[in-house]
$ cat target.pdb   # PDB, C-alpha atoms and all ligand atoms
MODEL        1
ATOM      1  CA  MET A 700      -5.014  11.073  19.877  1.00  0.00           C
ATOM      2  CA  ASN A 701      -2.933  14.038  21.052  1.00  0.00           C
ATOM      3  CA  LEU A 702       0.321  12.245  20.604  1.00  0.00           C
ATOM      4  CA  LYS A 703       2.061  13.356  17.424  1.00  0.00           C
ATOM      5  CA  SER A 704       3.383  10.642  15.166  1.00  0.00           C
ATOM      6  CA  THR A 705       7.067  11.027  14.377  1.00  0.00           C
ATOM      7  CA  ILE A 706       8.078  10.673  10.744  1.00  0.00           C
ATOM      8  CA  ILE A 707      11.645  10.475   9.458  1.00  0.00           C
ATOM      9  CA  ILE A 708      12.236  11.673   5.911  1.00  0.00           C
ATOM     10  CA  ILE A 709      15.367  10.321   4.249  1.00  0.00           C
ATOM     11  CA  GLU A 710      15.726  12.253   0.999  1.00  0.00           C
ATOM     12  CA  ASP A 711      18.728  14.019  -0.515  1.00  0.00           C
ATOM     13  CA  GLU A 712      16.731  16.314  -2.808  1.00  0.00           C
ATOM     14  CA  LYS A 713      16.372  19.432  -0.733  1.00  0.00           C
ATOM     15  CA  SER A 714      13.232  20.770  -2.464  1.00  0.00           C
ATOM     16  CA  ILE A 715      11.304  17.507  -2.060  1.00  0.00           C
ATOM     17  CA  CYS A 716      12.445  17.135   1.507  1.00  0.00           C
ATOM     18  CA  ASN A 717      11.323  20.687   2.331  1.00  0.00           C
ATOM     19  CA  PHE A 718       7.968  20.187   0.632  1.00  0.00           C
ATOM     20  CA  ILE A 719       7.268  17.020   2.611  1.00  0.00           C
ATOM     21  CA  GLU A 720       8.495  18.520   5.869  1.00  0.00           C
ATOM     22  CA  THR A 721       6.281  21.602   5.485  1.00  0.00           C
ATOM     23  CA  THR A 722       3.253  19.506   4.557  1.00  0.00           C
ATOM     24  CA  LEU A 723       3.606  17.061   7.402  1.00  0.00           C
ATOM     25  CA  THR A 724       4.389  19.678  10.014  1.00  0.00           C
ATOM     26  CA  ALA A 725       1.266  21.563   8.971  1.00  0.00           C
ATOM     27  CA  HIS A 726      -0.698  18.352   9.509  1.00  0.00           C
ATOM     28  CA  ASN A 727       0.546  17.884  13.019  1.00  0.00           C
ATOM     29  CA  TYR A 728       3.257  15.311  12.471  1.00  0.00           C
ATOM     30  CA  LYS A 729       6.623  15.593  14.124  1.00  0.00           C
ATOM     31  CA  VAL A 730       9.213  15.530  11.357  1.00  0.00           C
ATOM     32  CA  ILE A 731      12.893  14.646  11.368  1.00  0.00           C
ATOM     33  CA  THR A 732      14.930  14.846   8.170  1.00  0.00           C
ATOM     34  CA  ALA A 733      18.081  13.173   6.914  1.00  0.00           C
ATOM     35  CA  SER A 734      19.842  13.727   3.603  1.00  0.00           C
ATOM     36  CA  THR A 735      22.027  10.614   3.624  1.00  0.00           C
ATOM     37  CA  GLY A 736      21.361   6.956   4.321  1.00  0.00           C
ATOM     38  CA  GLN A 737      23.870   6.818   7.135  1.00  0.00           C
ATOM     39  CA  GLU A 738      22.301   9.771   8.912  1.00  0.00           C
ATOM     40  CA  GLY A 739      18.867   8.234   8.320  1.00  0.00           C
ATOM     41  CA  LEU A 740      19.842   4.886   9.816  1.00  0.00           C
ATOM     42  CA  SER A 741      21.254   6.450  12.952  1.00  0.00           C
ATOM     43  CA  LEU A 742      18.136   8.606  13.358  1.00  0.00           C
ATOM     44  CA  ILE A 743      15.923   5.547  12.964  1.00  0.00           C
ATOM     45  CA  THR A 744      17.732   3.786  15.783  1.00  0.00           C
ATOM     46  CA  SER A 745      17.791   6.821  18.073  1.00  0.00           C
ATOM     47  CA  CYS A 746      14.376   8.439  17.452  1.00  0.00           C
ATOM     48  CA  PHE A 747      11.948   5.478  17.237  1.00  0.00           C
ATOM     49  CA  PRO A 748       9.918   6.947  14.379  1.00  0.00           C
ATOM     50  CA  ASP A 749       6.318   5.878  13.700  1.00  0.00           C
ATOM     51  CA  LEU A 750       6.945   5.942   9.968  1.00  0.00           C
ATOM     52  CA  ILE A 751       9.815   6.371   7.505  1.00  0.00           C
ATOM     53  CA  LEU A 752       9.653   8.111   4.133  1.00  0.00           C
ATOM     54  CA  LEU A 753      12.585   6.838   2.127  1.00  0.00           C
ATOM     55  CA  ASP A 754      14.112   7.960  -1.141  1.00  0.00           C
ATOM     56  CA  LEU A 755      15.805   5.005  -2.821  1.00  0.00           C
ATOM     57  CA  GLY A 756      18.457   7.022  -4.650  1.00  0.00           C
ATOM     58  CA  LEU A 757      20.647   8.320  -1.850  1.00  0.00           C
ATOM     59  CA  PRO A 758      24.255   9.521  -2.190  1.00  0.00           C
ATOM     60  CA  ASP A 759      25.814   6.962   0.163  1.00  0.00           C
ATOM     61  CA  ILE A 760      23.644   3.877   0.720  1.00  0.00           C
ATOM     62  CA  ASP A 761      21.168   2.231  -1.661  1.00  0.00           C
ATOM     63  CA  GLY A 762      17.705   2.780  -0.184  1.00  0.00           C
ATOM     64  CA  MET A 763      16.961  -0.915  -0.753  1.00  0.00           C
ATOM     65  CA  ASN A 764      19.707  -1.787   1.747  1.00  0.00           C
ATOM     66  CA  ILE A 765      18.179   0.548   4.274  1.00  0.00           C
ATOM     67  CA  ILE A 766      14.857  -1.290   3.988  1.00  0.00           C
ATOM     68  CA  LYS A 767      16.569  -4.638   4.491  1.00  0.00           C
ATOM     69  CA  LYS A 768      18.611  -3.382   7.440  1.00  0.00           C
ATOM     70  CA  VAL A 769      15.624  -1.832   9.210  1.00  0.00           C
ATOM     71  CA  ARG A 770      13.469  -4.911   8.624  1.00  0.00           C
ATOM     72  CA  LYS A 771      15.926  -7.046  10.557  1.00  0.00           C
ATOM     73  CA  TRP A 772      14.780  -5.444  13.770  1.00  0.00           C
ATOM     74  CA  SER A 773      11.757  -3.242  13.148  1.00  0.00           C
ATOM     75  CA  MET A 774       8.361  -3.372  11.455  1.00  0.00           C
ATOM     76  CA  VAL A 775       8.049   0.442  11.391  1.00  0.00           C
ATOM     77  CA  PRO A 776       6.089   1.400   8.255  1.00  0.00           C
ATOM     78  CA  ILE A 777       8.332   2.429   5.345  1.00  0.00           C
ATOM     79  CA  ILE A 778       6.989   4.359   2.366  1.00  0.00           C
ATOM     80  CA  VAL A 779       9.374   4.599  -0.549  1.00  0.00           C
ATOM     81  CA  ILE A 780       9.632   7.797  -2.572  1.00  0.00           C
ATOM     82  CA  SER A 781      10.218   6.703  -6.127  1.00  0.00           C
ATOM     83  CA  ALA A 782      10.610   8.105  -9.622  1.00  0.00           C
ATOM     84  CA  ARG A 783       7.915   7.439 -12.173  1.00  0.00           C
ATOM     85  CA  THR A 784       9.760   5.061 -14.450  1.00  0.00           C
ATOM     86  CA  GLN A 785      11.230   2.701 -11.889  1.00  0.00           C
ATOM     87  CA  GLU A 786       8.562  -0.015 -11.719  1.00  0.00           C
ATOM     88  CA  GLN A 787      11.027  -2.794 -11.061  1.00  0.00           C
ATOM     89  CA  GLU A 788      12.476  -0.828  -8.181  1.00  0.00           C
ATOM     90  CA  LYS A 789       9.042  -0.328  -6.639  1.00  0.00           C
ATOM     91  CA  VAL A 790       8.354  -4.054  -6.820  1.00  0.00           C
ATOM     92  CA  LEU A 791      11.725  -4.852  -5.251  1.00  0.00           C
ATOM     93  CA  ALA A 792      11.168  -2.305  -2.499  1.00  0.00           C
ATOM     94  CA  LEU A 793       7.737  -3.754  -1.682  1.00  0.00           C
ATOM     95  CA  ASP A 794       9.043  -7.290  -1.735  1.00  0.00           C
ATOM     96  CA  SER A 795      11.975  -6.247   0.489  1.00  0.00           C
ATOM     97  CA  GLY A 796       9.544  -5.135   3.162  1.00  0.00           C
ATOM     98  CA  SER A 797       8.536  -1.562   2.437  1.00  0.00           C
ATOM     99  CA  ASP A 798       4.827  -0.928   3.000  1.00  0.00           C
ATOM    100  CA  ASP A 799       4.057   1.324   0.082  1.00  0.00           C
ATOM    101  CA  TYR A 800       5.535   3.778  -2.358  1.00  0.00           C
ATOM    102  CA  ILE A 801       4.676   7.180  -3.649  1.00  0.00           C
ATOM    103  CA  THR A 802       5.705   8.363  -7.096  1.00  0.00           C
ATOM    104  CA  LYS A 803       7.323  11.754  -7.738  1.00  0.00           C
ATOM    105  CA  PRO A 804       5.832  14.231  -8.370  1.00  0.00           C
ATOM    106  CA  PHE A 805       3.070  13.674  -5.827  1.00  0.00           C
ATOM    107  CA  GLY A 806       0.466  15.915  -4.245  1.00  0.00           C
ATOM    108  CA  THR A 807      -0.257  16.652  -0.623  1.00  0.00           C
ATOM    109  CA  SER A 808      -3.464  14.647  -0.347  1.00  0.00           C
ATOM    110  CA  GLU A 809      -1.899  11.558  -1.890  1.00  0.00           C
ATOM    111  CA  LEU A 810       1.058  11.769   0.479  1.00  0.00           C
ATOM    112  CA  LEU A 811      -1.161  12.207   3.534  1.00  0.00           C
ATOM    113  CA  ALA A 812      -3.465   9.362   2.488  1.00  0.00           C
ATOM    114  CA  ARG A 813      -0.528   6.974   2.049  1.00  0.00           C
ATOM    115  CA  ILE A 814       0.825   7.930   5.464  1.00  0.00           C
ATOM    116  CA  ARG A 815      -2.550   7.529   7.193  1.00  0.00           C
ATOM    117  CA  THR A 816      -3.048   4.107   5.633  1.00  0.00           C
ATOM    118  CA  ALA A 817       0.396   2.877   6.648  1.00  0.00           C
ATOM    119  CA  LEU A 818       0.070   4.203  10.203  1.00  0.00           C
ATOM    120  CA  ARG A 819      -3.402   2.738  10.610  1.00  0.00           C
ATOM    121  CA  ARG A 820      -2.352  -0.675   9.356  1.00  0.00           C
ATOM    122  CA  HIS A 821       0.643  -0.681  11.640  1.00  0.00           C
ATOM    123  CA  GLN A 822      -1.419   0.300  14.668  1.00  0.00           C
ATOM    124  CA  GLN A 823      -3.946  -2.431  13.917  1.00  0.00           C
ATOM    125  CA  GLN A 824      -1.245  -5.041  13.636  1.00  0.00           C
ATOM    126  CA  GLY A 825       0.760  -3.791  16.601  1.00  0.00           C
ATOM    127  CA  GLY A 826      -1.855  -2.817  19.136  1.00  0.00           C
ATOM    128  CA  PHE A 827      -4.487  -5.497  18.744  1.00  0.00           C
ATOM    129  CA  PRO A 828      -4.653  -9.154  17.839  1.00  0.00           C
ATOM    130  CA  ALA A 829      -4.651  -9.695  14.099  1.00  0.00           C
ATOM    131  CA  GLN A 830      -8.186  -8.851  13.249  1.00  0.00           C
ATOM    132  CA  ASN A 831      -9.400  -7.515   9.978  1.00  0.00           C
ATOM    133  CA  GLU A 832     -12.324  -5.218   9.535  1.00  0.00           C
ATOM    134  CA  PRO A 833     -15.459  -7.349   9.218  1.00  0.00           C
ATOM    135  CA  VAL A 834     -16.746  -5.340   6.281  1.00  0.00           C
ATOM    136  CA  TYR A 835     -15.249  -3.496   3.332  1.00  0.00           C
ATOM    137  CA  SER A 836     -17.266  -0.591   2.100  1.00  0.00           C
ATOM    138  CA  TYR A 837     -16.708   2.126  -0.465  1.00  0.00           C
ATOM    139  CA  ASP A 838     -19.350   3.866  -2.569  1.00  0.00           C
ATOM    140  CA  ASP A 839     -21.767   1.187  -3.770  1.00  0.00           C
ATOM    141  CA  LEU A 840     -19.520  -1.757  -3.048  1.00  0.00           C
ATOM    142  CA  THR A 841     -19.739  -3.741   0.181  1.00  0.00           C
ATOM    143  CA  ILE A 842     -17.964  -6.941   1.133  1.00  0.00           C
ATOM    144  CA  ASP A 843     -19.019  -8.842   4.225  1.00  0.00           C
ATOM    145  CA  PHE A 844     -16.073 -11.156   4.882  1.00  0.00           C
ATOM    146  CA  SER A 845     -17.803 -13.416   7.396  1.00  0.00           C
ATOM    147  CA  LYS A 846     -20.693 -14.091   5.004  1.00  0.00           C
ATOM    148  CA  ARG A 847     -18.417 -14.027   1.924  1.00  0.00           C
ATOM    149  CA  LEU A 848     -21.009 -11.715   0.472  1.00  0.00           C
ATOM    150  CA  VAL A 849     -20.205  -9.063  -2.138  1.00  0.00           C
ATOM    151  CA  THR A 850     -22.919  -6.556  -2.941  1.00  0.00           C
ATOM    152  CA  LEU A 851     -23.127  -3.625  -5.318  1.00  0.00           C
ATOM    153  CA  LYS A 852     -25.910  -1.135  -4.630  1.00  0.00           C
ATOM    154  CA  GLY A 853     -27.369  -3.745  -2.300  1.00  0.00           C
ATOM    155  CA  LYS A 854     -27.509  -6.435  -4.979  1.00  0.00           C
ATOM    156  CA  GLU A 855     -25.450  -9.574  -4.587  1.00  0.00           C
ATOM    157  CA  ILE A 856     -22.551  -9.968  -7.025  1.00  0.00           C
ATOM    158  CA  HIS A 857     -21.733 -13.541  -7.974  1.00  0.00           C
ATOM    159  CA  LEU A 858     -18.012 -14.181  -8.017  1.00  0.00           C
ATOM    160  CA  THR A 859     -16.150 -17.416  -8.646  1.00  0.00           C
ATOM    161  CA  GLN A 860     -14.056 -18.752  -5.790  1.00  0.00           C
ATOM    162  CA  ILE A 861     -10.821 -17.342  -7.232  1.00  0.00           C
ATOM    163  CA  GLU A 862     -12.454 -13.991  -7.955  1.00  0.00           C
ATOM    164  CA  TYR A 863     -13.707 -13.777  -4.394  1.00  0.00           C
ATOM    165  CA  LYS A 864     -10.284 -14.676  -3.004  1.00  0.00           C
ATOM    166  CA  LEU A 865      -8.707 -11.937  -5.102  1.00  0.00           C
ATOM    167  CA  VAL A 866     -11.223  -9.270  -4.162  1.00  0.00           C
ATOM    168  CA  SER A 867     -11.118 -10.118  -0.480  1.00  0.00           C
ATOM    169  CA  LEU A 868      -7.298 -10.144  -0.419  1.00  0.00           C
ATOM    170  CA  LEU A 869      -7.234  -6.674  -2.000  1.00  0.00           C
ATOM    171  CA  ALA A 870     -10.049  -5.424   0.214  1.00  0.00           C
ATOM    172  CA  GLN A 871      -8.402  -6.689   3.411  1.00  0.00           C
ATOM    173  CA  ASN A 872      -5.359  -4.678   2.327  1.00  0.00           C
ATOM    174  CA  SER A 873      -7.319  -1.758   0.976  1.00  0.00           C
ATOM    175  CA  GLY A 874      -5.401   1.444   0.346  1.00  0.00           C
ATOM    176  CA  ARG A 875      -2.222  -0.505  -0.109  1.00  0.00           C
ATOM    177  CA  VAL A 876      -0.595  -1.762  -3.283  1.00  0.00           C
ATOM    178  CA  LEU A 877      -0.069  -5.516  -3.535  1.00  0.00           C
ATOM    179  CA  THR A 878       2.533  -6.709  -6.026  1.00  0.00           C
ATOM    180  CA  TYR A 879       1.632  -9.302  -8.672  1.00  0.00           C
ATOM    181  CA  ASP A 880       3.961 -11.792  -6.982  1.00  0.00           C
ATOM    182  CA  TYR A 881       2.439 -11.178  -3.574  1.00  0.00           C
ATOM    183  CA  ILE A 882      -1.071 -11.747  -4.916  1.00  0.00           C
ATOM    184  CA  ILE A 883      -0.104 -14.843  -6.881  1.00  0.00           C
ATOM    185  CA  ASN A 884       1.680 -16.329  -3.852  1.00  0.00           C
ATOM    186  CA  HIS A 885      -1.363 -15.749  -1.700  1.00  0.00           C
ATOM    187  CA  ILE A 886      -3.907 -17.096  -4.139  1.00  0.00           C
ATOM    188  CA  TRP A 887      -2.075 -19.883  -5.933  1.00  0.00           C
ATOM    189  CA  GLY A 888       0.755 -20.653  -3.517  1.00  0.00           C
ATOM    190  CA  PRO A 889       4.531 -20.410  -3.803  1.00  0.00           C
ATOM    191  CA  TYR A 890       4.792 -22.892  -6.654  1.00  0.00           C
ATOM    192  CA  ALA A 891       2.733 -20.867  -9.066  1.00  0.00           C
ATOM    193  CA  ASP A 892       4.277 -20.484 -12.511  1.00  0.00           C
ATOM    194  CA  ASN A 893       4.359 -17.688 -15.038  1.00  0.00           C
ATOM    195  CA  ASN A 894       0.946 -18.590 -16.420  1.00  0.00           C
ATOM    196  CA  ASN A 895      -0.553 -17.273 -13.222  1.00  0.00           C
ATOM    197  CA  ASN A 896       0.281 -13.730 -14.264  1.00  0.00           C
ATOM    198  CA  GLN A 897      -2.007 -14.184 -17.220  1.00  0.00           C
ATOM    199  CA  ILE A 898      -4.667 -15.948 -15.136  1.00  0.00           C
ATOM    200  CA  LEU A 899      -4.507 -13.106 -12.618  1.00  0.00           C
ATOM    201  CA  ARG A 900      -5.089 -10.517 -15.344  1.00  0.00           C
ATOM    202  CA  VAL A 901      -8.018 -12.484 -16.778  1.00  0.00           C
ATOM    203  CA  ASN A 902      -9.629 -12.860 -13.367  1.00  0.00           C
ATOM    204  CA  MET A 903      -9.142  -9.192 -12.620  1.00  0.00           C
ATOM    205  CA  ALA A 904     -10.845  -8.306 -15.917  1.00  0.00           C
ATOM    206  CA  HIS A 905     -13.804 -10.501 -14.943  1.00  0.00           C
ATOM    207  CA  ILE A 906     -14.008  -8.915 -11.503  1.00  0.00           C
ATOM    208  CA  ARG A 907     -13.956  -5.438 -12.996  1.00  0.00           C
ATOM    209  CA  ARG A 908     -16.755  -6.277 -15.378  1.00  0.00           C
ATOM    210  CA  LYS A 909     -18.822  -7.374 -12.393  1.00  0.00           C
ATOM    211  CA  ILE A 910     -18.125  -4.542  -9.969  1.00  0.00           C
ATOM    212  CA  GLU A 911     -16.967  -1.522 -11.956  1.00  0.00           C
ATOM    213  CA  ASN A 912     -19.305   0.849 -13.730  1.00  0.00           C
ATOM    214  CA  ASN A 913     -16.666   1.435 -16.367  1.00  0.00           C
ATOM    215  CA  PRO A 914     -13.897  -1.209 -16.215  1.00  0.00           C
ATOM    216  CA  ALA A 915     -11.601   1.097 -18.239  1.00  0.00           C
ATOM    217  CA  GLU A 916     -11.829   3.737 -15.522  1.00  0.00           C
ATOM    218  CA  PRO A 917     -12.068   1.734 -12.334  1.00  0.00           C
ATOM    219  CA  ASN A 918     -13.456   3.187  -9.137  1.00  0.00           C
ATOM    220  CA  TYR A 919     -12.559   0.322  -6.792  1.00  0.00           C
ATOM    221  CA  ILE A 920      -9.521  -1.583  -7.981  1.00  0.00           C
ATOM    222  CA  PHE A 921      -6.653   0.295  -9.604  1.00  0.00           C
ATOM    223  CA  THR A 922      -3.815  -1.084 -11.675  1.00  0.00           C
ATOM    224  CA  GLU A 923      -0.397   0.117 -10.585  1.00  0.00           C
ATOM    225  CA  ILE A 924       1.321  -0.418 -13.901  1.00  0.00           C
ATOM    226  CA  GLY A 925       4.221  -2.835 -13.721  1.00  0.00           C
ATOM    227  CA  VAL A 926       3.740  -3.290  -9.989  1.00  0.00           C
ATOM    228  CA  GLY A 927       0.371  -4.701  -8.965  1.00  0.00           C
ATOM    229  CA  TYR A 928      -3.107  -3.691  -7.810  1.00  0.00           C
ATOM    230  CA  ARG A 929      -4.441  -1.341  -5.179  1.00  0.00           C
ATOM    231  CA  MET A 930      -8.002  -1.350  -3.887  1.00  0.00           C
ATOM    232  CA  ARG A 931      -9.597   1.912  -2.815  1.00  0.00           C
ATOM    233  CA  GLU A 932      -9.390   2.358   0.920  1.00  0.00           C
ATOM    234  CA  SER A 933     -12.478   1.208   2.771  1.00  0.00           C
ATOM    235  CA  ARG A 934     -14.644   3.908   4.321  1.00  0.00           C
ATOM    236  CA  GLN A 935     -15.127   1.691   7.344  1.00  0.00           C
ATOM    237  CA  GLN A 936     -11.466   1.775   8.155  1.00  0.00           C
ATOM    238  CA  SER A 937     -10.663   5.451   8.051  1.00  0.00           C
TER     239      SER A 937
HETATM  240 CA    CA B   1      17.617  11.027  -4.481  1.00  0.00          CA
ENDMDL
END
$ encode --input "target.pdb" --output "structure tokens" --more "lines below"
Ligand code: CA
Amino acid sequence: MNLKSTIIIIEDEKSICNFIETTLTAHNYKVITASTGQEGLSLITSCFPDLILLDLGLPDIDGMNIIKKVRKWSMVPIIVISARTQEQEKVLALDSGSDDYITKPFGTSELLARIRTALRRHQQQGGFPAQNEPVYSYDDLTIDFSKRLVTLKGKEIHLTQIEYKLVSLLAQNSGRVLTYDYIINHIWGPYADNNNNQILRVNMAHIRRKIENNPAEPNYIFTEIGVGYRMRESRQQS
């Protein structure tokens, strides 16, 4: 893998833009920056980036519109750069087709991990037939999808059918946040009602009691408050 991935940063805050540019350049990415939405859009069409880092609050175009525009013709991974309090915005951005988000202020390792995950997922989907990793593995937790077998420290964990569906959905998308709506649609179908939010929370509590050492400080499945859940990235996949 000598080919550098090209990343476009669309961010009007100079200091954040510089920080990201320096970090990514140091980690062998090719970086192109834009400080307005218009400039960003024209760079996206001319430079064929491998990934886009997008601030939603731009001076000229709403970042959400950029996501929608790009998604009409490209599946290039988009990671949204978002402020801490804007949960609703994060959900909207994810549901509009962005792949992930990162909350300001963020550290180098978090940024790099998000980028690696998004690039890897995109390469898997683009380069090969849709094929998920056969096994999820992190720390003591292993999920063998073909056997539908979940083990913790080598001991089988008994999950209900719904619990298994939830865990395997999160594990197949490990490293990536899934919104509550996305999860509910996938587990209960598009006609699910509001009660499913509550049912989802209850099931997640049960799962945590079964797989987490301390459910209050989870090691495998994290709550992204107001947005959804994210499962720790599988060791097998990185
Ligand atoms: Ca901004």
$ residues_near_ligand --input "target.pdb" --ligand "ligand CA 1 (chain B)" --cutoff "8 Å" --atoms "all atoms listed in the file" --output "number ranges by chain"
A: 710-712, 754-758
$ closest_atom_pairs --input "target.pdb" --of "range 744-847 of chain A" --to "range 877-887 of chain A" --cutoff "9 Å" --atoms "only C-alpha atoms" --output "Markdown table"
| residue | atom | partner | partner_atom | distance |
| --- | --- | --- | --- | --- |
| A:Val790 | CA | A:Thr878 | CA | 6.4 |
| A:Leu793 | CA | A:Thr878 | CA | 7.4 |
| A:Asp794 | CA | A:Thr878 | CA | 7.8 |
| A:Asp799 | CA | A:Leu877 | CA | 8.8 |
$ atom_distance --input "target.pdb" --atom1 "CA of Glu932 in chain A" --atom2 "CA of Leu851 in chain A"
16.2 Å
$ atom_distance --input "target.pdb" --atom1 "CA of Gly874 in chain A" --atom2 "CA of Ser714 in chain A"
27.0 Å
$ residues_around --input "target.pdb" --residues "Ile766 in chain A" --least-positions-apart "5" --cutoff "8 Å" --atoms "all atoms listed in the file" --output "PyMOL selection string"
chain A and resi 777+792+795-797
$ residues_around --input "target.pdb" --residues "range 771-775 of chain A" --least-positions-apart "4" --cutoff "9 Å" --atoms "only C-alpha atoms" --output "list of chain:residue names"
A:Phe747, A:Pro748, A:Asp749, A:Leu750, A:Ile751, A:Ile766, A:Lys767, A:Gly796, A:Leu818, A:His821
$ write_last_selection --input "target.pdb" --atoms "C-alpha atoms" --output "PDB file, keeping the file's coordinate frame"
ATOM      1  CA  PHE A 747      11.948   5.478  17.237  1.00  0.00           C
ATOM      2  CA  PRO A 748       9.918   6.947  14.379  1.00  0.00           C
ATOM      3  CA  ASP A 749       6.318   5.878  13.700  1.00  0.00           C
ATOM      4  CA  LEU A 750       6.945   5.942   9.968  1.00  0.00           C
ATOM      5  CA  ILE A 751       9.815   6.371   7.505  1.00  0.00           C
ATOM      6  CA  ILE A 766      14.857  -1.290   3.988  1.00  0.00           C
ATOM      7  CA  LYS A 767      16.569  -4.638   4.491  1.00  0.00           C
ATOM      8  CA  GLY A 796       9.544  -5.135   3.162  1.00  0.00           C
ATOM      9  CA  LEU A 818       0.070   4.203  10.203  1.00  0.00           C
ATOM     10  CA  HIS A 821       0.643  -0.681  11.640  1.00  0.00           C
TER      11      HIS A 821
END
$ closest_residue --input "target.pdb" --among "A:Leu868, A:Ile910, A:Met763, A:Val769" --to "Ser781 in chain A" --atoms "all atoms listed in the file"
A:Met763
$ atom_distance --input "target.pdb" --atom1 "CA of Val876 in chain A" --atom2 "CA of Lys729 in chain A"
25.6 Å
$ resolve_selection --input "target.pdb" --expression "the PyMOL selection byres (((chain A and resi 753) around 6) and not hetatm)" --output "VMD selection string"
chain A and resid 709 752 754 779 to 780
$ resolve_selection --input "target.pdb" --expression "the PyMOL selection byres (((chain A and resi 840) around 7) and not hetatm)" --output "mmCIF file with C-alpha atoms, keeping the file's coordinate frame"
data_model
loop_
_atom_site.group_PDB
_atom_site.id
_atom_site.type_symbol
_atom_site.label_atom_id
_atom_site.label_comp_id
_atom_site.auth_asym_id
_atom_site.auth_seq_id
_atom_site.Cartn_x
_atom_site.Cartn_y
_atom_site.Cartn_z
ATOM 1 C CA SER A 836 -17.266 -0.591 2.100
ATOM 2 C CA TYR A 837 -16.708 2.126 -0.465
ATOM 3 C CA ASP A 838 -19.350 3.866 -2.569
ATOM 4 C CA ASP A 839 -21.767 1.187 -3.770
ATOM 5 C CA THR A 841 -19.739 -3.741 0.181
ATOM 6 C CA ILE A 842 -17.964 -6.941 1.133
ATOM 7 C CA THR A 850 -22.919 -6.556 -2.941
ATOM 8 C CA LEU A 851 -23.127 -3.625 -5.318
ATOM 9 C CA LYS A 852 -25.910 -1.135 -4.630
#
$ closest_residue --input "target.pdb" --among "A:His857, A:Lys803, A:Arg900, A:Arg875" --to "Ile715 in chain A" --atoms "only C-alpha atoms"
A:Lys803
$ closest_residue --input "target.pdb" --among "A:Ile778, A:Val926, A:Leu810, A:Met903" --to "Leu858 in chain A" --atoms "only C-alpha atoms"
A:Met903
$ axis_aligned_box --input "target.pdb" --around "range 701-713 of chain A" --padding-each-side "8 Å" --output "AutoDock Vina command-line options"
--center_x 7.9 --center_y 14.9 --center_z 9.1 --size_x 37.7 --size_y 25.1 --size_z 39.9
$ closest_residue --input "target.pdb" --among "A:Ala812, A:Ser867, A:Asn727, A:Ile861" --to "Lys846 in chain A" --atoms "only C-alpha atoms"
A:Ser867
$ closest_residue --input "target.pdb" --among "A:Ile898, A:Cys716, A:Ala891, A:Ile706" --to "Leu865 in chain A" --atoms "all atoms listed in the file"
A:Ile898
$ closest_residue --input "target.pdb" --among "A:Glu786, A:Asp843, A:Glu738, A:Glu720" --to "Ile760 in chain A" --atoms "only C-alpha atoms"
A:Glu738
$ residues_around --input "target.pdb" --residues "Leu723 in chain A" --least-positions-apart "2" --cutoff "10 Å" --atoms "all atoms listed in the file" --output "mmCIF file with C-alpha atoms, keeping the file's coordinate frame"
data_model
loop_
_atom_site.group_PDB
_atom_site.id
_atom_site.type_symbol
_atom_site.label_atom_id
_atom_site.label_comp_id
_atom_site.auth_asym_id
_atom_site.auth_seq_id
_atom_site.Cartn_x
_atom_site.Cartn_y
_atom_site.Cartn_z
ATOM 1 C CA THR A 705 7.067 11.027 14.377
ATOM 2 C CA ILE A 706 8.078 10.673 10.744
ATOM 3 C CA ASN A 717 11.323 20.687 2.331
ATOM 4 C CA PHE A 718 7.968 20.187 0.632
ATOM 5 C CA ILE A 719 7.268 17.020 2.611
ATOM 6 C CA GLU A 720 8.495 18.520 5.869
ATOM 7 C CA THR A 721 6.281 21.602 5.485
ATOM 8 C CA ALA A 725 1.266 21.563 8.971
ATOM 9 C CA HIS A 726 -0.698 18.352 9.509
ATOM 10 C CA ASN A 727 0.546 17.884 13.019
ATOM 11 C CA TYR A 728 3.257 15.311 12.471
ATOM 12 C CA LYS A 729 6.623 15.593 14.124
ATOM 13 C CA VAL A 730 9.213 15.530 11.357
ATOM 14 C CA THR A 807 -0.257 16.652 -0.623
ATOM 15 C CA LEU A 810 1.058 11.769 0.479
ATOM 16 C CA LEU A 811 -1.161 12.207 3.534
ATOM 17 C CA ILE A 814 0.825 7.930 5.464
#
